[in-house]
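Reproduced below: structure04.pdb, with PDB, C-alpha atoms and all ligand atoms.
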ATOM      1  CA  MET A   1     150.631  20.508  61.087
ATOM      2  CA  MET A   2     153.724  20.724  63.323
ATOM      3  CA  GLN A   3     155.702  17.498  63.523
ATOM      4  CA  LYS A   4     156.639  16.305  66.967
ATOM      5  CA  ALA A   5     160.434  16.012  67.207
ATOM      6  CA  THR A   6     161.640  12.590  68.296
ATOM      7  CA  LYS A   7     164.233  12.930  71.008
ATOM      8  CA  SER A   8     167.382  10.917  70.435
ATOM      9  CA  THR A   9     168.543   8.698  73.265
ATOM     10  CA  LEU A  10     172.213   8.933  72.229
ATOM     11  CA  LYS A  11     174.641  10.289  74.802
ATOM     12  CA  SER A  12     176.400  13.357  73.455
ATOM     13  CA  LYS A  13     179.893  11.928  74.154
ATOM     14  CA  ASP A  14     179.027   8.731  72.272
ATOM     15  CA  TYR A  15     177.663  10.774  69.379
ATOM     16  CA  HIS A  16     180.764  12.970  69.288
ATOM     17  CA  ASP A  17     183.063   9.892  69.349
ATOM     18  CA  PHE A  18     180.996   8.310  66.579
ATOM     19  CA  GLN A  19     181.323  11.453  64.417
ATOM     20  CA  LYS A  20     185.110  11.178  64.753
ATOM     21  CA  TYR A  21     185.108   7.429  64.111
ATOM     22  CA  LEU A  22     183.032   7.739  60.925
ATOM     23  CA  GLU A  23     185.112  10.589  59.512
ATOM     24  CA  ASN A  24     188.341   8.640  60.159
ATOM     25  CA  MET A  25     186.935   5.511  58.553
ATOM     26  CA  CYS A  26     185.371   6.901  55.396
ATOM     27  CA  GLY A  27     185.563  10.703  55.320
ATOM     28  CA  ILE A  28     181.877  11.315  55.965
ATOM     29  CA  VAL A  29     181.238  14.316  58.191
ATOM     30  CA  LEU A  30     178.100  13.972  60.302
ATOM     31  CA  GLY A  31     176.595  17.300  61.350
ATOM     32  CA  ASP A  32     176.035  18.052  65.027
ATOM     33  CA  ASN A  33     172.282  17.547  64.649
ATOM     34  CA  LYS A  34     172.183  14.142  62.955
ATOM     35  CA  GLN A  35     171.603  12.011  66.058
ATOM     36  CA  TYR A  36     168.234  10.879  64.669
ATOM     37  CA  LEU A  37     169.990   9.542  61.547
ATOM     38  CA  VAL A  38     172.487   7.529  63.577
ATOM     39  CA  ASP A  39     169.657   6.287  65.801
ATOM     40  CA  SER A  40     167.554   5.122  62.888
ATOM     41  CA  ARG A  41     170.341   3.630  60.795
ATOM     42  CA  LEU A  42     172.185   1.750  63.544
ATOM     43  CA  ASN A  43     169.314   0.661  65.753
ATOM     44  CA  LYS A  44     168.805  -2.724  64.081
ATOM     45  CA  MET A  45     172.542  -3.475  64.181
ATOM     46  CA  LEU A  46     172.737  -2.671  67.902
ATOM     47  CA  HIS A  47     169.899  -5.137  68.549
ATOM     48  CA  GLU A  48     171.441  -7.822  66.343
ATOM     49  CA  HIS A  49     174.775  -7.586  68.143
ATOM     50  CA  LYS A  50     173.098  -7.274  71.567
ATOM     51  CA  LEU A  51     174.719  -3.915  72.195
ATOM     52  CA  ALA A  52     172.992  -1.538  74.600
ATOM     53  CA  SER A  53     174.320   1.747  73.226
ATOM     54  CA  LEU A  54     176.367   3.515  70.575
ATOM     55  CA  GLY A  55     179.177   3.669  73.155
ATOM     56  CA  GLU A  56     179.209  -0.139  73.360
ATOM     57  CA  LEU A  57     179.302  -0.393  69.572
ATOM     58  CA  LEU A  58     182.293   1.952  69.423
ATOM     59  CA  GLU A  59     184.041  -0.039  72.134
ATOM     60  CA  LYS A  60     183.521  -3.243  70.126
ATOM     61  CA  LEU A  61     184.682  -1.609  66.905
ATOM     62  CA  ASN A  62     187.837  -0.281  68.527
ATOM     63  CA  LYS A  63     188.599  -3.437  70.503
ATOM     64  CA  ASP A  64     187.933  -6.175  67.942
ATOM     65  CA  ARG A  65     189.008  -4.322  64.770
ATOM     66  CA  ASN A  66     186.231  -6.383  63.208
ATOM     67  CA  ARG A  67     186.287  -5.673  59.441
ATOM     68  CA  GLU A  68     182.797  -7.082  58.894
ATOM     69  CA  LEU A  69     181.216  -4.944  61.592
ATOM     70  CA  THR A  70     183.113  -1.858  60.397
ATOM     71  CA  ASN A  71     181.791  -2.432  56.873
ATOM     72  CA  LYS A  72     178.255  -2.811  58.219
ATOM     73  CA  VAL A  73     178.513   0.499  60.092
ATOM     74  CA  VAL A  74     179.927   2.331  57.055
ATOM     75  CA  GLU A  75     177.290   0.753  54.794
ATOM     76  CA  ALA A  76     174.522   1.794  57.184
ATOM     77  CA  MET A  77     175.767   5.385  57.269
ATOM     78  CA  THR A  78     176.458   5.928  53.546
ATOM     79  CA  THR A  79     173.958   6.929  50.877
ATOM     80  CA  ASN A  80     173.865   4.727  47.785
ATOM     81  CA  GLU A  81     171.425   6.870  45.830
ATOM     82  CA  THR A  82     172.183   6.595  42.094
ATOM     83  CA  SER A  83     170.520   6.261  38.707
ATOM     84  CA  TRP A  84     171.234   5.505  35.043
ATOM     85  CA  PHE A  85     172.802   8.342  33.030
ATOM     86  CA  ARG A  86     172.539  10.554  36.102
ATOM     87  CA  ASP A  87     172.234  14.240  35.094
ATOM     88  CA  ILE A  88     172.830  13.149  31.449
ATOM     89  CA  HIS A  89     175.381  15.920  30.632
ATOM     90  CA  PRO A  90     178.500  13.862  31.620
ATOM     91  CA  PHE A  91     177.488  11.144  29.164
ATOM     92  CA  ASN A  92     176.761  13.634  26.352
ATOM     93  CA  THR A  93     180.116  15.282  27.081
ATOM     94  CA  LEU A  94     181.873  11.912  26.778
ATOM     95  CA  LYS A  95     180.181  11.236  23.446
ATOM     96  CA  ASP A  96     180.485  14.679  21.867
ATOM     97  CA  ARG A  97     183.743  16.044  23.241
ATOM     98  CA  ILE A  98     185.987  13.663  25.129
ATOM     99  CA  PHE A  99     185.789  10.426  23.119
ATOM    100  CA  PRO A 100     186.364  12.185  19.754
ATOM    101  CA  GLU A 101     189.375  13.980  21.291
ATOM    102  CA  LEU A 102     190.864  10.847  22.881
ATOM    103  CA  ALA A 103     190.146   8.647  19.871
ATOM    104  CA  LYS A 104     192.478  10.662  17.622
ATOM    105  CA  ASN A 105     195.702   8.728  16.925
ATOM    106  CA  ARG A 106     195.152   6.641  20.015
ATOM    107  CA  ARG A 107     196.951   3.313  20.497
ATOM    108  CA  ALA A 108     196.903   2.805  24.264
ATOM    109  CA  PRO A 109     193.657   1.802  25.981
ATOM    110  CA  ILE A 110     191.429   4.635  27.199
ATOM    111  CA  ARG A 111     191.094   4.246  30.968
ATOM    112  CA  ILE A 112     188.111   5.503  32.963
ATOM    113  CA  TRP A 113     187.579   5.331  36.728
ATOM    114  CA  SER A 114     184.161   5.417  38.351
ATOM    115  CA  ALA A 115     185.123   6.187  41.963
ATOM    116  CA  ALA A 116     182.230   5.571  44.403
ATOM    117  CA  CYS A 117     180.210   3.628  41.815
ATOM    118  CA  SER A 118     177.455   2.456  44.199
ATOM    119  CA  SER A 119     175.296  -0.289  42.614
ATOM    120  CA  GLY A 120     176.884   0.090  39.172
ATOM    121  CA  GLN A 121     174.548   2.393  37.262
ATOM    122  CA  GLU A 122     177.365   4.924  36.693
ATOM    123  CA  PRO A 123     180.038   2.597  35.197
ATOM    124  CA  TYR A 124     177.422   0.679  33.173
ATOM    125  CA  SER A 125     176.055   3.979  31.784
ATOM    126  CA  ILE A 126     179.625   4.947  30.787
ATOM    127  CA  SER A 127     180.137   1.568  29.117
ATOM    128  CA  MET A 128     176.827   1.890  27.214
ATOM    129  CA  THR A 129     178.015   5.333  26.057
ATOM    130  CA  VAL A 130     181.182   3.662  24.683
ATOM    131  CA  ASN A 131     179.008   1.187  22.720
ATOM    132  CA  GLU A 132     176.888   4.000  21.343
ATOM    133  CA  PHE A 133     179.890   6.126  20.373
ATOM    134  CA  GLN A 134     181.471   3.178  18.569
ATOM    135  CA  ALA A 135     178.211   2.393  16.744
ATOM    136  CA  SER A 136     177.732   5.942  15.500
ATOM    137  CA  ASN A 137     181.448   6.570  14.697
ATOM    138  CA  PRO A 138     182.671   3.373  13.062
ATOM    139  CA  GLY A 139     186.422   3.031  13.187
ATOM    140  CA  MET A 140     186.912   5.975  15.555
ATOM    141  CA  LEU A 141     187.307   4.441  18.994
ATOM    142  CA  ASN A 142     189.141   1.303  18.058
ATOM    143  CA  SER A 143     191.475   1.266  21.022
ATOM    144  CA  ASP A 144     190.404  -0.704  24.022
ATOM    145  CA  VAL A 145     188.339   1.107  26.689
ATOM    146  CA  GLN A 146     188.939  -0.074  30.244
ATOM    147  CA  LEU A 147     186.788   0.913  33.196
ATOM    148  CA  VAL A 148     187.657   0.546  36.874
ATOM    149  CA  ALA A 149     184.670   0.847  39.243
ATOM    150  CA  THR A 150     185.346   1.222  42.972
ATOM    151  CA  ASP A 151     183.333   1.737  46.145
ATOM    152  CA  ILE A 152     184.059   1.504  49.855
ATOM    153  CA  SER A 153     181.198  -0.958  50.420
ATOM    154  CA  PRO A 154     181.893  -4.623  49.560
ATOM    155  CA  ALA A 155     178.128  -5.342  49.623
ATOM    156  CA  ILE A 156     177.151  -2.609  47.158
ATOM    157  CA  LEU A 157     180.112  -3.499  44.949
ATOM    158  CA  ALA A 158     179.063  -7.175  44.866
ATOM    159  CA  ALA A 159     175.598  -6.027  43.748
ATOM    160  CA  ALA A 160     177.182  -3.795  41.071
ATOM    161  CA  GLU A 161     179.286  -6.659  39.793
ATOM    162  CA  LYS A 162     176.261  -8.965  39.512
ATOM    163  CA  GLY A 163     174.603  -6.385  37.269
ATOM    164  CA  ARG A 164     171.065  -7.478  38.200
ATOM    165  CA  TYR A 165     168.392  -4.846  38.673
ATOM    166  CA  ASP A 166     164.742  -4.863  39.763
ATOM    167  CA  ASP A 167     161.945  -2.923  38.060
ATOM    168  CA  MET A 168     162.301   0.028  40.425
ATOM    169  CA  ALA A 169     166.018   0.498  39.656
ATOM    170  CA  MET A 170     165.361   0.031  35.930
ATOM    171  CA  ALA A 171     162.741   2.801  35.981
ATOM    172  CA  ARG A 172     165.312   5.448  36.936
ATOM    173  CA  GLY A 173     166.914   7.001  33.867
ATOM    174  CA  LEU A 174     166.792   4.238  31.230
ATOM    175  CA  SER A 175     164.986   4.743  27.941
ATOM    176  CA  PRO A 176     162.912   1.771  26.666
ATOM    177  CA  GLU A 177     165.429   1.408  23.793
ATOM    178  CA  ARG A 178     168.398   1.093  26.147
ATOM    179  CA  LYS A 179     166.489  -1.265  28.420
ATOM    180  CA  LYS A 180     165.822  -3.542  25.455
ATOM    181  CA  LYS A 181     169.294  -3.239  23.991
ATOM    182  CA  TYR A 182     171.450  -3.672  27.091
ATOM    183  CA  PHE A 183     169.461  -5.994  29.380
ATOM    184  CA  ARG A 184     168.066  -9.492  29.387
ATOM    185  CA  GLU A 185     164.799  -9.913  31.276
ATOM    186  CA  THR A 186     164.455 -12.849  33.670
ATOM    187  CA  PRO A 187     161.460 -13.625  35.943
ATOM    188  CA  ASN A 188     163.105 -11.839  38.892
ATOM    189  CA  TYR A 189     165.518  -9.239  37.528
ATOM    190  CA  TRP A 190     167.090  -7.555  34.520
ATOM    191  CA  GLN A 191     170.611  -8.735  33.682
ATOM    192  CA  ILE A 192     173.143  -6.329  32.167
ATOM    193  CA  ASN A 193     174.587  -7.234  28.776
ATOM    194  CA  PRO A 194     177.913  -9.162  29.083
ATOM    195  CA  ILE A 195     179.735  -6.913  26.562
ATOM    196  CA  VAL A 196     178.824  -3.761  28.507
ATOM    197  CA  LYS A 197     179.995  -5.541  31.674
ATOM    198  CA  SER A 198     183.197  -6.977  30.230
ATOM    199  CA  ARG A 199     184.982  -3.588  30.125
ATOM    200  CA  ILE A 200     184.590  -3.071  33.859
ATOM    201  CA  GLN A 201     186.815  -4.245  36.678
ATOM    202  CA  PHE A 202     185.199  -3.897  40.135
ATOM    203  CA  LYS A 203     187.320  -3.241  43.234
ATOM    204  CA  THR A 204     186.595  -2.349  46.840
ATOM    205  CA  MET A 205     188.418   0.884  47.629
ATOM    206  CA  ASN A 206     188.250   3.629  50.227
ATOM    207  CA  LEU A 207     188.860   7.061  48.678
ATOM    208  CA  LEU A 208     190.846   8.036  51.798
ATOM    209  CA  GLN A 209     193.480   5.406  50.975
ATOM    210  CA  SER A 210     196.264   5.290  48.367
ATOM    211  CA  TYR A 211     195.428   5.121  44.643
ATOM    212  CA  ALA A 212     198.906   3.869  43.722
ATOM    213  CA  LEU A 213     197.737   0.466  42.509
ATOM    214  CA  LEU A 214     195.026   1.799  40.224
ATOM    215  CA  GLY A 215     197.301   3.177  37.498
ATOM    216  CA  ARG A 216     196.563   6.264  35.411
ATOM    217  CA  PHE A 217     193.294   7.426  33.916
ATOM    218  CA  ASP A 218     192.065   9.613  31.073
ATOM    219  CA  ILE A 219     188.731  10.252  32.781
ATOM    220  CA  ILE A 220     187.568  10.072  36.401
ATOM    221  CA  PHE A 221     183.958  10.142  37.569
ATOM    222  CA  CYS A 222     183.852  11.089  41.261
ATOM    223  CA  ARG A 223     180.238  12.077  41.589
ATOM    224  CA  ASN A 224     177.973  12.692  44.575
ATOM    225  CA  VAL A 225     180.358  11.466  47.243
ATOM    226  CA  LEU A 226     182.689  14.381  48.092
ATOM    227  CA  ILE A 227     179.617  16.336  49.139
ATOM    228  CA  TYR A 228     179.683  14.378  52.440
ATOM    229  CA  PHE A 229     183.379  15.107  53.176
ATOM    230  CA  SER A 230     185.290  17.935  54.887
ATOM    231  CA  THR A 231     187.147  20.500  52.747
ATOM    232  CA  GLU A 232     190.422  18.970  53.929
ATOM    233  CA  SER A 233     189.466  15.456  52.788
ATOM    234  CA  LYS A 234     188.114  16.814  49.489
ATOM    235  CA  ARG A 235     191.433  18.572  48.890
ATOM    236  CA  GLU A 236     193.435  15.423  49.653
ATOM    237  CA  ILE A 237     191.242  13.277  47.382
ATOM    238  CA  LEU A 238     191.285  15.760  44.491
ATOM    239  CA  GLU A 239     195.069  16.152  44.736
ATOM    240  CA  LYS A 240     195.476  12.358  44.594
ATOM    241  CA  MET A 241     193.076  12.135  41.655
ATOM    242  CA  CYS A 242     194.997  14.845  39.773
ATOM    243  CA  ARG A 243     198.136  12.762  40.255
ATOM    244  CA  CYS A 244     196.532   9.771  38.561
ATOM    245  CA  LEU A 245     195.091  11.684  35.608
ATOM    246  CA  ASN A 246     196.951  11.544  32.296
ATOM    247  CA  PRO A 247     197.959  14.947  30.853
ATOM    248  CA  GLY A 248     194.781  16.776  29.780
ATOM    249  CA  GLY A 249     192.659  14.193  31.646
ATOM    250  CA  TYR A 250     189.082  14.938  32.740
ATOM    251  CA  LEU A 251     187.261  14.823  36.070
ATOM    252  CA  PHE A 252     183.476  14.805  36.520
ATOM    253  CA  LEU A 253     181.979  15.804  39.874
ATOM    254  CA  GLY A 254     178.318  15.711  40.952
ATOM    255  CA  GLY A 255     175.903  18.513  40.089
ATOM    256  CA  SER A 256     176.184  20.204  43.490
ATOM    257  CA  GLU A 257     179.951  19.690  43.898
ATOM    258  CA  SER A 258     182.771  22.001  42.801
ATOM    259  CA  ILE A 259     186.516  22.499  43.172
ATOM    260  CA  ALA A 260     186.196  26.195  44.121
ATOM    261  CA  GLY A 261     188.665  27.024  46.889
ATOM    262  CA  ILE A 262     189.914  23.411  46.973
ATOM    263  CA  THR A 263     192.403  22.942  44.133
ATOM    264  CA  ASP A 264     193.801  25.067  41.305
ATOM    265  CA  LYS A 265     195.174  22.123  39.311
ATOM    266  CA  LEU A 266     192.060  21.831  37.143
ATOM    267  CA  ASP A 267     190.362  24.083  34.592
ATOM    268  CA  MET A 268     186.588  24.284  34.471
ATOM    269  CA  VAL A 269     185.066  23.512  31.069
ATOM    270  CA  ARG A 270     181.343  24.163  30.466
ATOM    271  CA  THR A 271     179.569  21.607  28.258
ATOM    272  CA  HIS A 272     176.000  20.461  27.643
ATOM    273  CA  GLY A 273     174.604  22.590  30.461
ATOM    274  CA  GLY A 274     177.069  21.113  32.949
ATOM    275  CA  VAL A 275     180.710  21.264  33.906
ATOM    276  CA  VAL A 276     183.742  19.015  33.515
ATOM    277  CA  TYR A 277     187.201  19.701  34.978
ATOM    278  CA  GLN A 278     190.375  19.245  32.947
ATOM    279  CA  LEU A 279     193.898  18.810  34.307
ATOM    280  CA  LYS A 280     195.895  21.991  33.631
ATOM    281  CA  PRO A 281     198.995  21.634  31.408
TER     282      PRO A 281
HETATM  283  C1  LIG B 301     175.452   8.723  46.465
HETATM  284  S1  LIG B 301     176.431   7.370  45.891
HETATM  285  C2  LIG B 301     177.002   8.020  44.356
HETATM  286  C3  LIG B 301     176.944   7.001  43.250
HETATM  287  C4  LIG B 301     177.333   7.519  41.859
HETATM  288  N1  LIG B 301     178.681   8.042  41.849
HETATM  289  C5  LIG B 301     176.344   8.557  41.372
HETATM  290  O1  LIG B 301     176.698   9.747  41.309
HETATM  291  O2  LIG B 301     175.205   8.193  41.056
HETATM  292  C6  LIG B 301     177.842   7.545  46.971
HETATM  293  C7  LIG B 301     178.703   6.275  47.072
HETATM  294  O3  LIG B 301     179.927   6.647  47.702
HETATM  295  C8  LIG B 301     180.384   5.526  48.443
HETATM  296  N2  LIG B 301     181.369   6.030  49.434
HETATM  297  C9  LIG B 301     181.154   6.730  50.567
HETATM  298  N3  LIG B 301     182.311   6.972  51.193
HETATM  299  C10 LIG B 301     183.294   6.439  50.436
HETATM  300  C11 LIG B 301     184.718   6.364  50.544
HETATM  301  N4  LIG B 301     185.378   6.902  51.589
HETATM  302  N5  LIG B 301     185.411   5.716  49.585
HETATM  303  C12 LIG B 301     184.766   5.159  48.528
HETATM  304  N6  LIG B 301     183.428   5.187  48.367
HETATM  305  C13 LIG B 301     182.699   5.826  49.307
HETATM  306  C14 LIG B 301     179.116   4.956  49.054
HETATM  307  O4  LIG B 301     179.284   3.597  49.415
HETATM  308  C15 LIG B 301     178.107   5.155  47.907
HETATM  309  O5  LIG B 301     177.972   3.990  47.135
END
With the file now loaded, output its structure as structure tokens.
Amino acid sequence: MMQKATKSTLKSKDYHDFQKYLENMCGIVLGDNKQYLVDSRLNKMLHEHKLASLGELLEKLNKDRNRELTNKVVEAMTTNETSWFRDIHPFNTLKDRIFPELAKNRRAPIRIWSAACSSGQEPYSISMTVNEFQASNPGMLNSDVQLVATDISPAILAAAEKGRYDDMAMARGLSPERKKKYFRETPNYWQINPIVKSRIQFKTMNLLQSYALLGRFDIIFCRNVLIYFSTESKREILEKMCRCLNPGGYLFLGGSESIAGITDKLDMVRTHGGVVYQLKP
């Protein structure tokens, strides 16, 4: 049966201005035919703030420079879709290739960045992988492993830091063994294990801004976020990430993302049915 298209009530100038605003704020490029998405995601906020149109919202955002409202708009327009051990190959690659390589003669802490970590499943899956590597290779990864988990959204980051998950979130990608081993069940949620959590430092951070204060990393996970950005922003972000990778450091992107035509500073390495990028010498 043919679906009846719902006509958007957005004025095309307002929509065009909003596209520019969103890209400037967080890098997300909205296609020219996504009016329905803006309509549906911002409608409630317009009502709450007694604003009659997208144009009025933009005026308020530009005039008041209201951080809270800006965050709400960005949060409404971003996708937080995530799961435990997403795509599995990055975690197998850590365990079978990268940790054994980094563990050799290592004194300094191994540093890993989960950029755009959403509700925490990615950094917690990395931290569980550290536990499992240490358990199956006693004495091999003795140096400290430090994780930094960042996201543009303060609300999603606060949820990540709490480390509490409902049954629906728990059902996505966790084996019964891991659920039992790494979580404590309470009447309302599942709480992540404090040791898995203790390696992770959570920070609000926009990928369009400077990474100078983050330090250097051996491994960066930047998965399923660049897909929403323009080639120019992707290039800028990847160049900045390359500058904060240690020599020979690794970068994981999402399954549908690649560096083709964007940067030549990384080599592609195929592992476990997936791909990881390594900083060229
Ligand atoms: C689809 S989730 C990906 C989560 C996780 N990396 C994964 O692959 O499962 C994308 C995340 O990117 C965040 N994000 C979007 N734009 C961002 C930006 N400019 N800087 C930092 N994070 C951003 C969103 O808040 C969201 O949590």
Produce a table with one row for each residue of chain A that has an atom at most 8 Å from any atom of ligand LIG 301 (chain B), each row naming the nearest atom pair and its distance in Å at one decimal; use only C-alpha atoms and all ligand atoms; arrange rows by chain and rising residue number; format as a Markdown table.
| residue | atom | partner | partner_atom | distance |
| --- | --- | --- | --- | --- |
| A:Met25 | CA | B:LIG301 | N4 | 7.3 |
| A:Cys26 | CA | B:LIG301 | N4 | 3.8 |
| A:Gly27 | CA | B:LIG301 | N4 | 5.3 |
| A:Ile28 | CA | B:LIG301 | N3 | 6.5 |
| A:Val74 | CA | B:LIG301 | O4 | 7.8 |
| A:Glu75 | CA | B:LIG301 | O4 | 6.4 |
| A:Thr78 | CA | B:LIG301 | C14 | 5.3 |
| A:Thr79 | CA | B:LIG301 | C1 | 5.0 |
| A:Asn80 | CA | B:LIG301 | S1 | 4.1 |
| A:Glu81 | CA | B:LIG301 | C1 | 4.5 |
| A:Thr82 | CA | B:LIG301 | O2 | 3.6 |
| A:Ser83 | CA | B:LIG301 | O2 | 5.6 |
| A:Trp84 | CA | B:LIG301 | O2 | 7.7 |
| A:Arg86 | CA | B:LIG301 | O2 | 6.1 |
| A:Ser114 | CA | B:LIG301 | N1 | 7.0 |
| A:Ala115 | CA | B:LIG301 | C12 | 6.7 |
| A:Ala116 | CA | B:LIG301 | N6 | 4.2 |
| A:Cys117 | CA | B:LIG301 | N1 | 4.7 |
| A:Ser118 | CA | B:LIG301 | O5 | 3.4 |
| A:Ser119 | CA | B:LIG301 | O5 | 6.8 |
| A:Gly120 | CA | B:LIG301 | C4 | 7.9 |
| A:Gln121 | CA | B:LIG301 | O2 | 7.0 |
| A:Glu122 | CA | B:LIG301 | C4 | 5.8 |
| A:Thr150 | CA | B:LIG301 | C12 | 6.8 |
| A:Asp151 | CA | B:LIG301 | N6 | 4.1 |
| A:Ile152 | CA | B:LIG301 | C12 | 4.0 |
| A:Ser153 | CA | B:LIG301 | O4 | 5.0 |
| A:Ile156 | CA | B:LIG301 | O5 | 6.6 |
| A:Thr204 | CA | B:LIG301 | C12 | 7.9 |
| A:Met205 | CA | B:LIG301 | C12 | 5.7 |
| A:Asn206 | CA | B:LIG301 | N5 | 3.6 |
| A:Leu207 | CA | B:LIG301 | N5 | 3.8 |
| A:Leu208 | CA | B:LIG301 | N4 | 5.6 |
| A:Phe221 | CA | B:LIG301 | N1 | 7.1 |
| A:Cys222 | CA | B:LIG301 | N1 | 6.0 |
| A:Arg223 | CA | B:LIG301 | O1 | 4.2 |
| A:Asn224 | CA | B:LIG301 | O1 | 4.6 |
| A:Val225 | CA | B:LIG301 | C6 | 4.7 |
| A:Tyr228 | CA | B:LIG301 | N3 | 8.0 |
| A:Gly254 | CA | B:LIG301 | O1 | 6.2 |
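Excluding A:Glu236 itself and any same-chain residue fewer than 3 positions from it, the protein and nucleic acid residues within 12 Å of it, counting all atoms listed in the file, are Gly27, Leu207, Leu208, Gln209, Ser210, Tyr211, Leu226, Phe229, Ser230, Thr231, Glu232, Ser233, Glu239, Lys240, Met241, Cys242, Arg243, Ile259, Ile262 and Thr263 of chain A.
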Open item on the list: Residue by residue, what does the PyMOL selection byres (((chain A and resi 273) around 12) and not hetatm) grab here? Present the result as a ChimeraX atom specification.
Closed with: /A:87-93,255,269-272,274-276
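Between atom CA of A:Ala169 and atom CA of A:Phe99 lies a distance of 27.6 Å.
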Could you tell me which residues the PyMOL selection byres (((chain A and resi 35) around 12) and not hetatm) returns for this structure, as a short mmCIF file (atom, residue, chain, number, x, y, z; two decimals) with C-alpha atoms, in the coordinates of the input?
data_model
loop_
_atom_site.label_atom_id
_atom_site.label_comp_id
_atom_site.auth_asym_id
_atom_site.auth_seq_id
_atom_site.Cartn_x
_atom_site.Cartn_y
_atom_site.Cartn_z
CA ALA A 5 160.43 16.01 67.21
CA THR A 6 161.64 12.59 68.30
CA LYS A 7 164.23 12.93 71.01
CA SER A 8 167.38 10.92 70.44
CA THR A 9 168.54 8.70 73.26
CA LEU A 10 172.21 8.93 72.23
CA LYS A 11 174.64 10.29 74.80
CA SER A 12 176.40 13.36 73.46
CA LYS A 13 179.89 11.93 74.15
CA ASP A 14 179.03 8.73 72.27
CA TYR A 15 177.66 10.77 69.38
CA HIS A 16 180.76 12.97 69.29
CA PHE A 18 181.00 8.31 66.58
CA GLN A 19 181.32 11.45 64.42
CA LEU A 30 178.10 13.97 60.30
CA GLY A 31 176.60 17.30 61.35
CA ASP A 32 176.04 18.05 65.03
CA ASN A 33 172.28 17.55 64.65
CA LYS A 34 172.18 14.14 62.96
CA TYR A 36 168.23 10.88 64.67
CA LEU A 37 169.99 9.54 61.55
CA VAL A 38 172.49 7.53 63.58
CA ASP A 39 169.66 6.29 65.80
CA SER A 40 167.55 5.12 62.89
CA ARG A 41 170.34 3.63 60.80
CA LEU A 42 172.18 1.75 63.54
CA ASN A 43 169.31 0.66 65.75
CA LEU A 54 176.37 3.52 70.58
CA MET A 77 175.77 5.38 57.27
#
- [ ] Enumerate, as a PyMOL selection string, the residues matched when the PyMOL selection byres (((chain A and resi 98) around 12) and not hetatm) is run on the file above.
- [x] chain A and resi 90-97+99-104+110+112+129-130+133+141+218-220+248-252+269+271+276-278
TODO: Would you mind listing what lies within 6 Å of A:Phe183 as a PyMOL selection string, with only C-alpha atoms counted and same-chain residues fewer than 4 positions away left out?
DONE: chain A and resi 179+190-193
TODO: Might you pull out every residue within 12 Å of A:Pro194, with only C-alpha atoms counted and same-chain residues fewer than 3 positions away left off, and present them as a ChimeraX atom specification?
DONE: /A:124,127-128,161-164,181-184,191,197-200
Task: Pairwise distance for atom CA of A:Tyr189 and atom CA of A:Pro123, rounded to one decimal in Å - done: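 Separation of atom CA of A:Tyr189 and atom CA of A:Pro123: 18.9 Å.
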Task: Distance in Å - atom CA of A:Gln146 versus atom CA of A:Pro109 - done: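 Atom CA of A:Pro109 lies at a distance of 6.6 Å from atom CA of A:Gln146.
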Need the axis-aligned box for stretch 198-209 of chain A with 3 Å each side, so what are the centre and edges in Å to one decimal, as AutoDock Vina command-line options?
--center_x 188.3 --center_y 0.5 --center_z 41.0 --size_x 16.3 --size_y 21.0 --size_z 27.7
Open item on the list: Between A:Phe217, A:Gln134, A:Ala158, A:Ser143, which residue has the minimum interatomic distance to A:Phe202, considering only C-alpha atoms?
Closed with: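 Among the listed residues, the smallest separation from A:Phe202 belongs to A:Ala158.
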